[in-house]
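One file, query.txt, is given below (compact mmCIF, C-alpha atoms).
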# COMPACT_ATOMS: atom_id res chain seq x y z
CA MET A 1 0.00 0.00 0.00
CA LYS A 2 1.28 3.47 -0.89
CA ALA A 3 0.78 6.92 0.63
CA LEU A 4 1.25 10.31 -1.03
CA ILE A 5 2.47 13.46 0.73
CA ILE A 6 2.32 16.69 -1.28
CA SER A 7 4.39 19.57 0.06
CA ALA A 8 6.94 22.25 -0.84
CA ASP A 9 9.54 24.53 0.76
CA ASN A 10 8.71 26.00 4.16
CA PHE A 11 6.56 23.07 5.20
CA GLU A 12 5.86 22.71 8.92
CA ASP A 13 8.52 20.11 9.68
CA THR A 14 6.66 17.88 12.15
CA GLU A 15 3.44 17.99 10.11
CA LEU A 16 5.31 16.35 7.26
CA LEU A 17 7.77 14.14 9.17
CA VAL A 18 5.41 12.70 11.79
CA PRO A 19 2.96 11.33 9.17
CA TYR A 20 5.90 10.29 6.95
CA TYR A 21 7.49 8.18 9.69
CA ARG A 22 4.14 6.92 11.01
CA LEU A 23 3.06 5.60 7.61
CA LYS A 24 6.45 3.93 7.12
CA GLU A 25 6.11 2.36 10.57
CA ALA A 26 2.91 0.74 9.25
CA ASN A 27 4.91 -0.58 6.27
CA LEU A 28 3.43 1.76 3.69
CA THR A 29 5.61 3.09 0.89
CA VAL A 30 5.53 6.88 1.19
CA ALA A 31 6.08 9.15 -1.82
CA VAL A 32 6.72 12.87 -1.39
CA ALA A 33 5.75 14.98 -4.39
CA SER A 34 6.45 18.66 -4.93
CA ILE A 35 6.44 21.37 -7.59
CA SER A 36 9.82 20.27 -8.83
CA ARG A 37 11.97 17.23 -8.10
CA GLY A 38 14.64 17.69 -5.40
CA VAL A 39 15.07 18.56 -1.77
CA ILE A 40 12.43 20.62 -0.01
CA GLN A 41 13.22 22.36 3.24
CA GLY A 42 11.02 22.84 6.29
CA LYS A 43 10.64 26.00 8.37
CA HIS A 44 12.85 24.41 11.04
CA GLY A 45 15.51 23.33 8.55
CA TYR A 46 14.69 19.64 8.03
CA GLU A 47 15.27 18.47 4.46
CA VAL A 48 13.10 15.93 2.67
CA ALA A 49 13.72 14.50 -0.80
CA ALA A 50 10.77 14.93 -3.16
CA TYR A 51 11.39 12.21 -5.73
CA LYS A 52 8.31 13.08 -7.76
CA THR A 53 6.98 16.19 -9.43
CA LEU A 54 3.24 16.78 -9.41
CA ASP A 55 3.10 15.69 -13.04
CA ASP A 56 4.70 12.35 -12.10
CA VAL A 57 1.82 11.53 -9.76
CA ASN A 58 -0.90 9.09 -10.73
CA PRO A 59 -3.35 9.41 -7.82
CA ASP A 60 -4.70 5.91 -8.50
CA ASP A 61 -1.41 4.53 -7.17
CA TYR A 62 -2.04 5.82 -3.64
CA ALA A 63 -4.35 4.81 -0.79
CA ILE A 64 -4.14 8.11 1.10
CA LEU A 65 -3.21 11.76 0.50
CA ILE A 66 -1.52 13.77 3.28
CA LEU A 67 -1.39 17.59 3.09
CA PRO A 68 0.95 19.05 5.75
CA GLY A 69 0.90 22.74 6.69
CA GLY A 70 3.42 25.54 6.93
CA GLU A 71 3.78 27.95 4.03
CA ALA A 72 3.87 25.19 1.41
CA PRO A 73 0.07 25.05 0.81
CA MET A 74 0.11 28.75 -0.17
CA LEU A 75 2.34 27.83 -3.12
CA LEU A 76 0.70 24.51 -3.88
CA ARG A 77 -2.87 25.80 -4.07
CA LYS A 78 -1.89 27.74 -7.22
CA GLU A 79 -0.90 24.53 -9.01
CA PRO A 80 -3.81 23.09 -11.05
CA LYS A 81 -2.24 19.61 -10.86
CA VAL A 82 -2.45 19.60 -7.04
CA LEU A 83 -6.14 20.48 -7.17
CA GLU A 84 -6.74 17.76 -9.74
CA ILE A 85 -4.97 15.16 -7.55
CA ALA A 86 -7.01 16.18 -4.49
CA ARG A 87 -10.26 15.96 -6.49
CA SER A 88 -9.32 12.50 -7.69
CA PHE A 89 -9.06 11.27 -4.07
CA PHE A 90 -12.47 12.73 -3.24
CA VAL A 91 -14.16 11.30 -6.34
CA ARG A 92 -12.89 7.83 -5.38
CA ASN A 93 -13.74 8.39 -1.68
CA LYS A 94 -10.15 7.69 -0.65
CA PRO A 95 -8.76 9.23 2.57
CA VAL A 96 -7.39 12.79 2.48
CA ALA A 97 -5.76 14.09 5.68
CA ALA A 98 -4.94 17.82 5.84
CA ILE A 99 -3.51 19.73 8.81
CA CYS A 100 -2.97 23.40 9.71
CA HIS A 101 -2.65 25.31 6.39
CA GLY A 102 -3.04 22.05 4.41
CA PRO A 103 -6.83 22.53 4.02
CA GLN A 104 -6.12 25.66 1.92
CA ILE A 105 -5.45 23.29 -0.95
CA LEU A 106 -8.89 21.72 -0.51
CA ILE A 107 -10.46 25.19 -0.39
CA SER A 108 -8.88 26.07 -3.74
CA ALA A 109 -10.04 22.70 -5.13
CA GLN A 110 -13.60 23.61 -4.03
CA LEU A 111 -13.92 20.36 -2.13
CA LEU A 112 -15.18 21.62 1.25
CA GLN A 113 -18.74 22.76 0.52
CA GLY A 114 -20.95 21.34 3.30
CA ARG A 115 -18.08 19.36 4.83
CA HIS A 116 -17.23 19.26 8.53
CA ALA A 117 -13.60 20.35 8.83
CA THR A 118 -11.00 22.20 10.86
CA CYS A 119 -7.70 24.01 10.14
CA TYR A 120 -5.19 26.47 11.60
CA HIS A 121 -7.12 29.24 13.40
CA LEU A 122 -5.97 31.92 10.92
CA VAL A 123 -7.42 29.87 8.05
CA ALA A 124 -10.82 29.39 9.72
CA ASP A 125 -12.56 32.37 8.05
CA GLU A 126 -11.43 31.27 4.64
CA LEU A 127 -12.62 27.74 5.37
CA LYS A 128 -16.09 28.97 6.33
CA GLU A 129 -16.29 31.16 3.22
CA ALA A 130 -15.59 28.04 1.16
CA GLY A 131 -18.77 26.51 2.63
CA ALA A 132 -17.16 24.21 5.19
CA LEU A 133 -18.73 23.58 8.60
CA TYR A 134 -15.80 24.70 10.73
CA GLU A 135 -15.16 23.07 14.11
CA ASP A 136 -12.47 24.07 16.58
CA ARG A 137 -11.39 20.53 17.57
CA GLU A 138 -8.10 18.57 17.45
CA VAL A 139 -9.44 16.40 14.65
CA VAL A 140 -12.59 16.42 12.53
CA VAL A 141 -13.56 13.41 10.44
CA ASP A 142 -16.18 13.71 7.69
CA GLY A 143 -16.30 10.65 5.46
CA ASN A 144 -12.93 10.37 3.70
CA LEU A 145 -11.76 13.73 5.05
CA VAL A 146 -9.56 14.07 8.17
CA THR A 147 -8.51 17.58 9.26
CA SER A 148 -6.58 19.00 12.21
CA ARG A 149 -5.50 22.45 13.43
CA GLN A 150 -1.81 22.38 14.37
CA PRO A 151 1.22 20.23 15.30
CA GLY A 152 -0.08 19.47 18.81
CA ASP A 153 -3.04 17.71 17.16
CA LEU A 154 -0.79 15.20 15.35
CA PRO A 155 -1.63 12.27 17.68
CA ALA A 156 -5.38 12.59 17.00
CA PHE A 157 -4.73 13.38 13.32
CA MET A 158 -2.67 10.25 12.74
CA ARG A 159 -4.99 8.08 14.86
CA GLU A 160 -7.87 8.95 12.52
CA ALA A 161 -5.76 8.77 9.36
CA MET A 162 -4.61 5.26 10.29
CA LYS A 163 -8.22 4.25 11.01
CA GLN A 164 -9.17 5.38 7.50
CA LEU A 165 -6.43 3.18 6.05
CA GLU A 166 -7.57 0.17 8.07
CA THR A 167 -11.12 0.67 6.79
CA SER A 168 -9.92 0.90 3.20
CA ARG A 169 -7.79 -2.22 3.71
CA SER A 170 -10.71 -4.32 4.94
CA MET B 171 -0.54 3.44 30.66
CA LYS B 172 2.24 6.01 30.94
CA ALA B 173 5.46 6.62 29.03
CA LEU B 174 8.56 8.52 30.16
CA ILE B 175 10.83 10.55 27.87
CA ILE B 176 14.03 11.88 29.43
CA SER B 177 15.77 14.66 27.52
CA ALA B 178 17.35 18.11 27.81
CA ASP B 179 18.30 21.12 25.68
CA ASN B 180 19.66 20.44 22.20
CA PHE B 181 17.69 17.24 21.78
CA GLU B 182 17.27 15.95 18.22
CA ASP B 183 13.80 17.34 17.57
CA THR B 184 12.25 14.46 15.63
CA GLU B 185 13.76 11.82 17.92
CA LEU B 186 11.80 13.34 20.77
CA LEU B 187 8.66 14.53 18.97
CA VAL B 188 7.97 11.47 16.80
CA PRO B 189 7.89 9.07 19.80
CA TYR B 190 6.03 11.69 21.86
CA TYR B 191 3.22 12.01 19.30
CA ARG B 192 3.22 8.27 18.48
CA LEU B 193 2.73 7.26 22.11
CA LYS B 194 -0.04 9.83 22.52
CA GLU B 195 -1.69 8.47 19.35
CA ALA B 196 -1.83 5.11 21.18
CA ASN B 197 -3.53 6.88 24.11
CA LEU B 198 -0.57 6.74 26.48
CA THR B 199 0.09 9.61 28.85
CA VAL B 200 3.57 10.89 28.05
CA ALA B 201 5.73 12.64 30.65
CA VAL B 202 8.86 14.54 29.63
CA ALA B 203 11.44 14.83 32.41
CA SER B 204 14.62 16.91 32.37
CA ILE B 205 17.36 18.26 34.62
CA SER B 206 15.16 21.14 35.68
CA ARG B 207 11.47 21.89 35.18
CA GLY B 208 10.64 24.14 32.22
CA VAL B 209 10.93 24.37 28.47
CA ILE B 210 13.68 22.44 26.70
CA GLN B 211 14.66 23.38 23.16
CA GLY B 212 15.68 21.11 20.33
CA LYS B 213 18.54 21.63 17.86
CA HIS B 214 15.97 22.71 15.25
CA GLY B 215 14.20 25.10 17.61
CA TYR B 216 11.18 23.07 18.69
CA GLU B 217 10.20 23.66 22.32
CA VAL B 218 8.86 20.98 24.64
CA ALA B 219 7.63 21.49 28.19
CA ALA B 220 9.37 19.27 30.74
CA TYR B 221 6.87 19.19 33.59
CA LYS B 222 9.02 16.95 35.76
CA THR B 223 12.55 17.11 37.10
CA LEU B 224 14.52 13.87 37.34
CA ASP B 225 13.90 13.85 41.09
CA ASP B 226 10.14 13.97 40.47
CA VAL B 227 10.26 10.69 38.54
CA ASN B 228 9.16 7.43 40.08
CA PRO B 229 10.12 4.89 37.40
CA ASP B 230 7.47 2.46 38.67
CA ASP B 231 4.83 4.80 37.24
CA TYR B 232 5.92 4.21 33.63
CA ALA B 233 5.61 1.32 31.19
CA ILE B 234 8.39 2.47 28.84
CA LEU B 235 11.45 4.74 28.86
CA ILE B 236 12.40 6.66 25.69
CA LEU B 237 15.87 8.20 25.34
CA PRO B 238 16.08 10.54 22.29
CA GLY B 239 19.40 11.71 20.86
CA GLY B 240 21.00 15.02 20.01
CA GLU B 241 23.35 16.64 22.51
CA ALA B 242 21.01 16.07 25.46
CA PRO B 243 22.39 12.61 26.44
CA MET B 244 25.88 14.13 26.89
CA LEU B 245 24.44 16.26 29.71
CA LEU B 246 22.09 13.63 31.07
CA ARG B 247 24.67 10.85 31.42
CA LYS B 248 26.36 12.90 34.17
CA GLU B 249 23.19 12.87 36.28
CA PRO B 250 23.16 9.95 38.75
CA LYS B 251 19.34 10.08 38.90
CA VAL B 252 19.07 9.35 35.15
CA LEU B 253 21.29 6.30 35.49
CA GLU B 254 19.25 5.12 38.46
CA ILE B 255 15.99 5.48 36.50
CA ALA B 256 17.42 3.56 33.52
CA ARG B 257 18.64 0.75 35.82
CA SER B 258 15.21 0.51 37.40
CA PHE B 259 13.64 -0.19 33.98
CA PHE B 260 16.21 -2.91 33.28
CA VAL B 261 15.82 -4.56 36.69
CA ARG B 262 12.07 -4.80 36.09
CA ASN B 263 12.57 -5.87 32.46
CA LYS B 264 10.45 -2.97 31.19
CA PRO B 265 11.06 -1.59 27.67
CA VAL B 266 13.80 0.99 27.15
CA ALA B 267 14.09 2.53 23.67
CA ALA B 268 17.19 4.65 22.92
CA ILE B 269 18.13 6.25 19.60
CA CYS B 270 21.20 7.98 18.15
CA HIS B 271 23.15 9.44 21.14
CA GLY B 272 20.48 8.15 23.58
CA PRO B 273 22.40 4.89 24.25
CA GLN B 274 25.22 6.99 25.82
CA ILE B 275 23.04 7.12 28.92
CA LEU B 276 22.88 3.32 29.01
CA ILE B 277 26.66 3.14 28.56
CA SER B 278 27.16 5.37 31.61
CA ALA B 279 24.64 3.27 33.54
CA GLN B 280 26.74 0.18 32.65
CA LEU B 281 23.69 -1.58 31.27
CA LEU B 282 25.02 -2.75 27.88
CA GLN B 283 27.48 -5.52 28.78
CA GLY B 284 26.76 -8.44 26.40
CA ARG B 285 23.71 -6.73 24.93
CA HIS B 286 22.96 -6.50 21.21
CA ALA B 287 22.53 -2.80 20.42
CA THR B 288 23.06 -0.01 17.93
CA CYS B 289 23.55 3.78 18.09
CA TYR B 290 24.73 6.80 16.07
CA HIS B 291 27.83 5.81 14.11
CA LEU B 292 30.09 8.18 16.07
CA VAL B 293 29.02 6.49 19.32
CA ALA B 294 29.74 2.95 18.06
CA ASP B 295 33.29 2.68 19.46
CA GLU B 296 32.17 3.77 22.88
CA LEU B 297 29.29 1.29 22.75
CA LYS B 298 31.66 -1.58 21.95
CA GLU B 299 34.05 -0.53 24.74
CA ALA B 300 31.10 -0.75 27.12
CA GLY B 301 30.77 -4.44 26.19
CA ALA B 302 27.80 -4.16 23.81
CA LEU B 303 27.50 -6.31 20.70
CA TYR B 304 27.22 -3.48 18.16
CA GLU B 305 25.17 -3.97 14.99
CA ASP B 306 24.82 -1.45 12.16
CA ARG B 307 21.07 -1.90 11.59
CA GLU B 308 18.03 0.42 11.66
CA VAL B 309 16.79 -1.23 14.83
CA VAL B 310 18.21 -3.83 17.22
CA VAL B 311 16.01 -5.54 19.78
CA ASP B 312 17.52 -7.47 22.69
CA GLY B 313 14.96 -8.38 25.33
CA ASN B 314 13.58 -5.16 26.79
CA LEU B 315 16.11 -3.02 24.89
CA VAL B 316 15.29 -1.29 21.56
CA THR B 317 18.03 0.80 19.91
CA SER B 318 18.32 2.70 16.61
CA ARG B 319 20.97 4.78 14.86
CA GLN B 320 19.41 8.03 13.60
CA PRO B 321 16.18 9.91 12.69
CA GLY B 322 15.66 7.93 9.46
CA ASP B 323 15.31 4.80 11.60
CA LEU B 324 12.33 6.19 13.51
CA PRO B 325 9.73 4.02 11.70
CA ALA B 326 11.52 0.79 12.69
CA PHE B 327 12.34 2.18 16.14
CA MET B 328 8.72 3.01 16.94
CA ARG B 329 7.42 -0.23 15.37
CA GLU B 330 9.54 -2.23 17.83
CA ALA B 331 8.86 0.09 20.78
CA MET B 332 5.10 -0.27 20.22
CA LYS B 333 5.48 -4.08 20.00
CA GLN B 334 7.21 -4.06 23.38
CA LEU B 335 4.28 -2.14 24.86
CA GLU B 336 1.76 -4.57 23.39
CA THR B 337 3.68 -7.47 24.91
CA SER B 338 3.77 -5.80 28.31
CA ARG B 339 0.03 -5.04 28.01
CA SER B 340 -0.88 -8.67 27.36
Could you render the structure from this file as structure tokens?
Amino acid sequence: MKALIISADNFEDTELLVPYYRLKEANLTVAVASISRGVIQGKHGYEVAAYKTLDDVNPDDYAILILPGGEAPMLLRKEPKVLEIARSFFVRNKPVAAICHGPQILISAQLLQGRHATCYHLVADELKEAGALYEDREVVVDGNLVTSRQPGDLPAFMREAMKQLETSRS
Amino acid sequence: MKALIISADNFEDTELLVPYYRLKEANLTVAVASISRGVIQGKHGYEVAAYKTLDDVNPDDYAILILPGGEAPMLLRKEPKVLEIARSFFVRNKPVAAICHGPQILISAQLLQGRHATCYHLVADELKEAGALYEDREVVVDGNLVTSRQPGDLPAFMREAMKQLETSRS
């Protein structure tokens, strides 16, 4: 089983690395895709190799999509290919887990209308304007969609993301 | 069930935070103890609140001991209370998981004689001199002892640490 993380420079380091390591712990193959191939750097200086460009990604290859926060989503939401990948996961009802600023990508993809969701507090207004039913909780699950607010929510975020994978496995 | 992480300033951020979040995901209560009470800062700038001093720790309260790396173990190995806590876990055959420079604490506690173990490559000579059977692998398990080399080994490290907890639960 394979997982896809989409991010870019200035990602929030733990929001990428904690899911990355957690999915590998569960024996998933984890691909990191970005705008171009190469090393991306987090706000705290961690470096992660993005072996795939967005154009290299076939969403059908992956069981789950993870969207970490930081400043990366601000760049990524302008990329039509990212929005197309996110829509593909929703159409197939496959898990999408977005944290902090990650949901900005789903806002730009117009995927949150009528959906229960959360995000970083400074993104909340934008989330509501996109038609989402905002909740200020550590994790909100609505069907295939798992969202959280910030790094401190990572335990709840990954607990629910892993549950989604178990459901899709069975 | 409770887990204990012992660390100090200049910890390797992911080696503390990944286990911290992973154990919380599994609904454990995680205590971080340090030389004094207050905020400790990682090499990459992450801050973690240490609510307990070493003297506050009763090792009998905890099911597992995690020793992250970075420069923290260099300070901690000089603290007799840390060595005493580590010995208590070994005497009771409870899981101890140490990564990177973390095993330096177990060297100072003279707990590695005849034990299969690994560590950060620059610590390997010291580990061998302490009587350990050094192996250059992502994770080495010997009874209650789980050791790994570096941040990239965190998936294997946590997979084995969580297995130890399941065994002690059953």
Interface, chain A side, toward chain B (12 Å; only C-alpha atoms) as a PyMOL selection string: chain A and resi 12-30+42-48+151-163
Any chance you could dump chain B, least-squares fitted to chain A on all C-alpha atoms in order, as an mmCIF file with C-alpha atoms, keeping the file's coordinate frame?
data_model
loop_
_atom_site.group_PDB
_atom_site.id
_atom_site.type_symbol
_atom_site.label_atom_id
_atom_site.label_comp_id
_atom_site.auth_asym_id
_atom_site.auth_seq_id
_atom_site.Cartn_x
_atom_site.Cartn_y
_atom_site.Cartn_z
ATOM 1 C CA MET B 171 0.001 0.007 0.006
ATOM 2 C CA LYS B 172 1.278 3.471 -0.879
ATOM 3 C CA ALA B 173 0.787 6.919 0.624
ATOM 4 C CA LEU B 174 1.248 10.314 -1.037
ATOM 5 C CA ILE B 175 2.461 13.462 0.734
ATOM 6 C CA ILE B 176 2.318 16.681 -1.282
ATOM 7 C CA SER B 177 4.388 19.565 0.060
ATOM 8 C CA ALA B 178 6.932 22.248 -0.846
ATOM 9 C CA ASP B 179 9.535 24.520 0.754
ATOM 10 C CA ASN B 180 8.712 25.998 4.155
ATOM 11 C CA PHE B 181 6.560 23.067 5.190
ATOM 12 C CA GLU B 182 5.863 22.694 8.917
ATOM 13 C CA ASP B 183 8.526 20.103 9.686
ATOM 14 C CA THR B 184 6.648 17.884 12.138
ATOM 15 C CA GLU B 185 3.432 17.988 10.103
ATOM 16 C CA LEU B 186 5.314 16.354 7.264
ATOM 17 C CA LEU B 187 7.773 14.150 9.164
ATOM 18 C CA VAL B 188 5.422 12.687 11.788
ATOM 19 C CA PRO B 189 2.968 11.320 9.167
ATOM 20 C CA TYR B 190 5.897 10.290 6.946
ATOM 21 C CA TYR B 191 7.500 8.174 9.686
ATOM 22 C CA ARG B 192 4.136 6.911 11.008
ATOM 23 C CA LEU B 193 3.058 5.592 7.612
ATOM 24 C CA LYS B 194 6.441 3.933 7.109
ATOM 25 C CA GLU B 195 6.113 2.349 10.574
ATOM 26 C CA ALA B 196 2.907 0.734 9.244
ATOM 27 C CA ASN B 197 4.912 -0.580 6.268
ATOM 28 C CA LEU B 198 3.434 1.766 3.677
ATOM 29 C CA THR B 199 5.603 3.104 0.885
ATOM 30 C CA VAL B 200 5.526 6.885 1.178
ATOM 31 C CA ALA B 201 6.071 9.159 -1.826
ATOM 32 C CA VAL B 202 6.719 12.876 -1.369
ATOM 33 C CA ALA B 203 5.744 14.975 -4.388
ATOM 34 C CA SER B 204 6.447 18.670 -4.927
ATOM 35 C CA ILE B 205 6.435 21.379 -7.583
ATOM 36 C CA SER B 206 9.825 20.269 -8.822
ATOM 37 C CA ARG B 207 11.969 17.219 -8.093
ATOM 38 C CA GLY B 208 14.629 17.689 -5.406
ATOM 39 C CA VAL B 209 15.077 18.554 -1.766
ATOM 40 C CA ILE B 210 12.417 20.617 -0.008
ATOM 41 C CA GLN B 211 13.235 22.349 3.264
ATOM 42 C CA GLY B 212 11.020 22.840 6.273
ATOM 43 C CA LYS B 213 10.636 26.000 8.374
ATOM 44 C CA HIS B 214 12.851 24.391 11.036
ATOM 45 C CA GLY B 215 15.506 23.319 8.543
ATOM 46 C CA TYR B 216 14.691 19.647 8.035
ATOM 47 C CA GLU B 217 15.272 18.465 4.464
ATOM 48 C CA VAL B 218 13.104 15.929 2.668
ATOM 49 C CA ALA B 219 13.713 14.498 -0.790
ATOM 50 C CA ALA B 220 10.772 14.933 -3.160
ATOM 51 C CA TYR B 221 11.388 12.213 -5.730
ATOM 52 C CA LYS B 222 8.307 13.070 -7.760
ATOM 53 C CA THR B 223 6.983 16.192 -9.429
ATOM 54 C CA LEU B 224 3.230 16.779 -9.401
ATOM 55 C CA ASP B 225 3.101 15.688 -13.040
ATOM 56 C CA ASP B 226 4.703 12.359 -12.099
ATOM 57 C CA VAL B 227 1.819 11.527 -9.756
ATOM 58 C CA ASN B 228 -0.902 9.106 -10.725
ATOM 59 C CA PRO B 229 -3.356 9.422 -7.822
ATOM 60 C CA ASP B 230 -4.698 5.917 -8.496
ATOM 61 C CA ASP B 231 -1.406 4.545 -7.165
ATOM 62 C CA TYR B 232 -2.030 5.825 -3.624
ATOM 63 C CA ALA B 233 -4.344 4.812 -0.792
ATOM 64 C CA ILE B 234 -4.130 8.114 1.112
ATOM 65 C CA LEU B 235 -3.211 11.760 0.499
ATOM 66 C CA ILE B 236 -1.514 13.774 3.274
ATOM 67 C CA LEU B 237 -1.390 17.580 3.088
ATOM 68 C CA PRO B 238 0.965 19.052 5.756
ATOM 69 C CA GLY B 239 0.907 22.732 6.700
ATOM 70 C CA GLY B 240 3.419 25.537 6.936
ATOM 71 C CA GLU B 241 3.781 27.952 4.031
ATOM 72 C CA ALA B 242 3.876 25.186 1.416
ATOM 73 C CA PRO B 243 0.077 25.048 0.798
ATOM 74 C CA MET B 244 0.102 28.756 -0.176
ATOM 75 C CA LEU B 245 2.349 27.828 -3.117
ATOM 76 C CA LEU B 246 0.701 24.513 -3.881
ATOM 77 C CA ARG B 247 -2.872 25.816 -4.082
ATOM 78 C CA LYS B 248 -1.886 27.747 -7.231
ATOM 79 C CA GLU B 249 -0.900 24.531 -9.016
ATOM 80 C CA PRO B 250 -3.803 23.091 -11.048
ATOM 81 C CA LYS B 251 -2.239 19.605 -10.862
ATOM 82 C CA VAL B 252 -2.461 19.602 -7.039
ATOM 83 C CA LEU B 253 -6.144 20.476 -7.159
ATOM 84 C CA GLU B 254 -6.726 17.758 -9.739
ATOM 85 C CA ILE B 255 -4.970 15.161 -7.555
ATOM 86 C CA ALA B 256 -7.005 16.179 -4.484
ATOM 87 C CA ARG B 257 -10.268 15.952 -6.478
ATOM 88 C CA SER B 258 -9.327 12.493 -7.688
ATOM 89 C CA PHE B 259 -9.055 11.260 -4.074
ATOM 90 C CA PHE B 260 -12.472 12.719 -3.247
ATOM 91 C CA VAL B 261 -14.157 11.286 -6.347
ATOM 92 C CA ARG B 262 -12.891 7.831 -5.377
ATOM 93 C CA ASN B 263 -13.730 8.395 -1.696
ATOM 94 C CA LYS B 264 -10.136 7.686 -0.647
ATOM 95 C CA PRO B 265 -8.774 9.237 2.578
ATOM 96 C CA VAL B 266 -7.398 12.777 2.485
ATOM 97 C CA ALA B 267 -5.771 14.087 5.678
ATOM 98 C CA ALA B 268 -4.934 17.821 5.841
ATOM 99 C CA ILE B 269 -3.514 19.729 8.809
ATOM 100 C CA CYS B 270 -2.960 23.387 9.719
ATOM 101 C CA HIS B 271 -2.638 25.308 6.390
ATOM 102 C CA GLY B 272 -3.031 22.043 4.407
ATOM 103 C CA PRO B 273 -6.824 22.519 4.017
ATOM 104 C CA GLN B 274 -6.114 25.669 1.921
ATOM 105 C CA ILE B 275 -5.450 23.287 -0.954
ATOM 106 C CA LEU B 276 -8.892 21.730 -0.505
ATOM 107 C CA ILE B 277 -10.458 25.203 -0.385
ATOM 108 C CA SER B 278 -8.880 26.065 -3.745
ATOM 109 C CA ALA B 279 -10.029 22.710 -5.128
ATOM 110 C CA GLN B 280 -13.589 23.627 -4.019
ATOM 111 C CA LEU B 281 -13.917 20.364 -2.135
ATOM 112 C CA LEU B 282 -15.186 21.621 1.246
ATOM 113 C CA GLN B 283 -18.756 22.742 0.513
ATOM 114 C CA GLY B 284 -20.946 21.332 3.328
ATOM 115 C CA ARG B 285 -18.074 19.357 4.823
ATOM 116 C CA HIS B 286 -17.232 19.262 8.529
ATOM 117 C CA ALA B 287 -13.592 20.335 8.840
ATOM 118 C CA THR B 288 -10.998 22.190 10.863
ATOM 119 C CA CYS B 289 -7.714 24.012 10.139
ATOM 120 C CA TYR B 290 -5.199 26.485 11.608
ATOM 121 C CA HIS B 291 -7.111 29.241 13.392
ATOM 122 C CA LEU B 292 -5.975 31.923 10.925
ATOM 123 C CA VAL B 293 -7.422 29.872 8.051
ATOM 124 C CA ALA B 294 -10.836 29.405 9.714
ATOM 125 C CA ASP B 295 -12.568 32.379 8.043
ATOM 126 C CA GLU B 296 -11.455 31.281 4.624
ATOM 127 C CA LEU B 297 -12.625 27.737 5.358
ATOM 128 C CA LYS B 298 -16.095 28.971 6.323
ATOM 129 C CA GLU B 299 -16.299 31.174 3.207
ATOM 130 C CA ALA B 300 -15.596 28.053 1.162
ATOM 131 C CA GLY B 301 -18.778 26.520 2.616
ATOM 132 C CA ALA B 302 -17.167 24.217 5.198
ATOM 133 C CA LEU B 303 -18.742 23.577 8.588
ATOM 134 C CA TYR B 304 -15.798 24.708 10.730
ATOM 135 C CA GLU B 305 -15.173 23.077 14.113
ATOM 136 C CA ASP B 306 -12.459 24.070 16.590
ATOM 137 C CA ARG B 307 -11.390 20.533 17.559
ATOM 138 C CA GLU B 308 -8.103 18.581 17.450
ATOM 139 C CA VAL B 309 -9.441 16.399 14.665
ATOM 140 C CA VAL B 310 -12.595 16.421 12.534
ATOM 141 C CA VAL B 311 -13.565 13.418 10.447
ATOM 142 C CA ASP B 312 -16.186 13.698 7.703
ATOM 143 C CA GLY B 313 -16.290 10.647 5.460
ATOM 144 C CA ASN B 314 -12.937 10.362 3.705
ATOM 145 C CA LEU B 315 -11.759 13.737 5.052
ATOM 146 C CA VAL B 316 -9.546 14.075 8.174
ATOM 147 C CA THR B 317 -8.517 17.590 9.262
ATOM 148 C CA SER B 318 -6.575 19.008 12.229
ATOM 149 C CA ARG B 319 -5.511 22.450 13.425
ATOM 150 C CA GLN B 320 -1.810 22.383 14.364
ATOM 151 C CA PRO B 321 1.236 20.228 15.301
ATOM 152 C CA GLY B 322 -0.088 19.464 18.806
ATOM 153 C CA ASP B 323 -3.031 17.698 17.158
ATOM 154 C CA LEU B 324 -0.793 15.206 15.357
ATOM 155 C CA PRO B 325 -1.629 12.265 17.680
ATOM 156 C CA ALA B 326 -5.374 12.588 16.983
ATOM 157 C CA PHE B 327 -4.728 13.381 13.314
ATOM 158 C CA MET B 328 -2.657 10.247 12.744
ATOM 159 C CA ARG B 329 -4.996 8.075 14.857
ATOM 160 C CA GLU B 330 -7.872 8.952 12.511
ATOM 161 C CA ALA B 331 -5.752 8.775 9.345
ATOM 162 C CA MET B 332 -4.597 5.261 10.293
ATOM 163 C CA LYS B 333 -8.225 4.240 10.998
ATOM 164 C CA GLN B 334 -9.180 5.375 7.503
ATOM 165 C CA LEU B 335 -6.433 3.183 6.049
ATOM 166 C CA GLU B 336 -7.570 0.173 8.065
ATOM 167 C CA THR B 337 -11.111 0.665 6.787
ATOM 168 C CA SER B 338 -9.924 0.896 3.196
ATOM 169 C CA ARG B 339 -7.770 -2.224 3.732
ATOM 170 C CA SER B 340 -10.702 -4.307 4.956
#
Atom-to-atom span, CA of His291 in chain B and CA of Pro229 in chain B, Å: 29.3 Å
Gap from CA of Asp125 in chain A to CA of Pro103 in chain A - Å, one decimal: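 CA of Pro103 in chain A lies 12.1 Å from CA of Asp125 in chain A.
Nearest residue to Tyr62 in chain A among A:Ala86, A:Asn93, A:Val39, A:Lys2 is A:Lys2, counting only C-alpha atoms.
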Residue nearest Leu235 in chain B among B:Arg307, B:Arg339, B:Lys264, B:Arg285 (counting all atoms listed in the file):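 With all atoms listed in the file as the atom set, the closest residue is B:Lys264.
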Spatial neighbours of Ser36 in chain A, 12 Å, all atoms listed in the file, chain gap at least 4 places, as a list in words: Ile6, Ser7, Ala8, Asp9, Val32, Ile40, Ala49, Ala50, Tyr51, Lys52, Thr53, Leu54, Asp55, Asp56, Val57, Leu76 and Glu79 of chain A
Residues within 10 Å of Arg257 in chain B, only C-alpha atoms, excluding chain neighbours under 6 positions, as a list in words: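 In the requested form, the answer reads Pro229, Lys251, Asn263, Val266, Leu276, Ala279, Gln280 and Leu281 of chain B.
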For Ala201 in chain B, please output as a CSV table (one decimal) with C-alpha atoms, in the coordinates of the input all residues within 7 Å (counting only C-alpha atoms; exclusion window: fewer than 2 positions along the same chain).
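Contents of part_3.csv, as written:
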chain,number,residue,atom,x,y,z
B,173,ALA,CA,5.5,6.6,29.0
B,174,LEU,CA,8.6,8.5,30.2
B,175,ILE,CA,10.8,10.6,27.9
B,199,THR,CA,0.1,9.6,28.8
B,203,ALA,CA,11.4,14.8,32.4
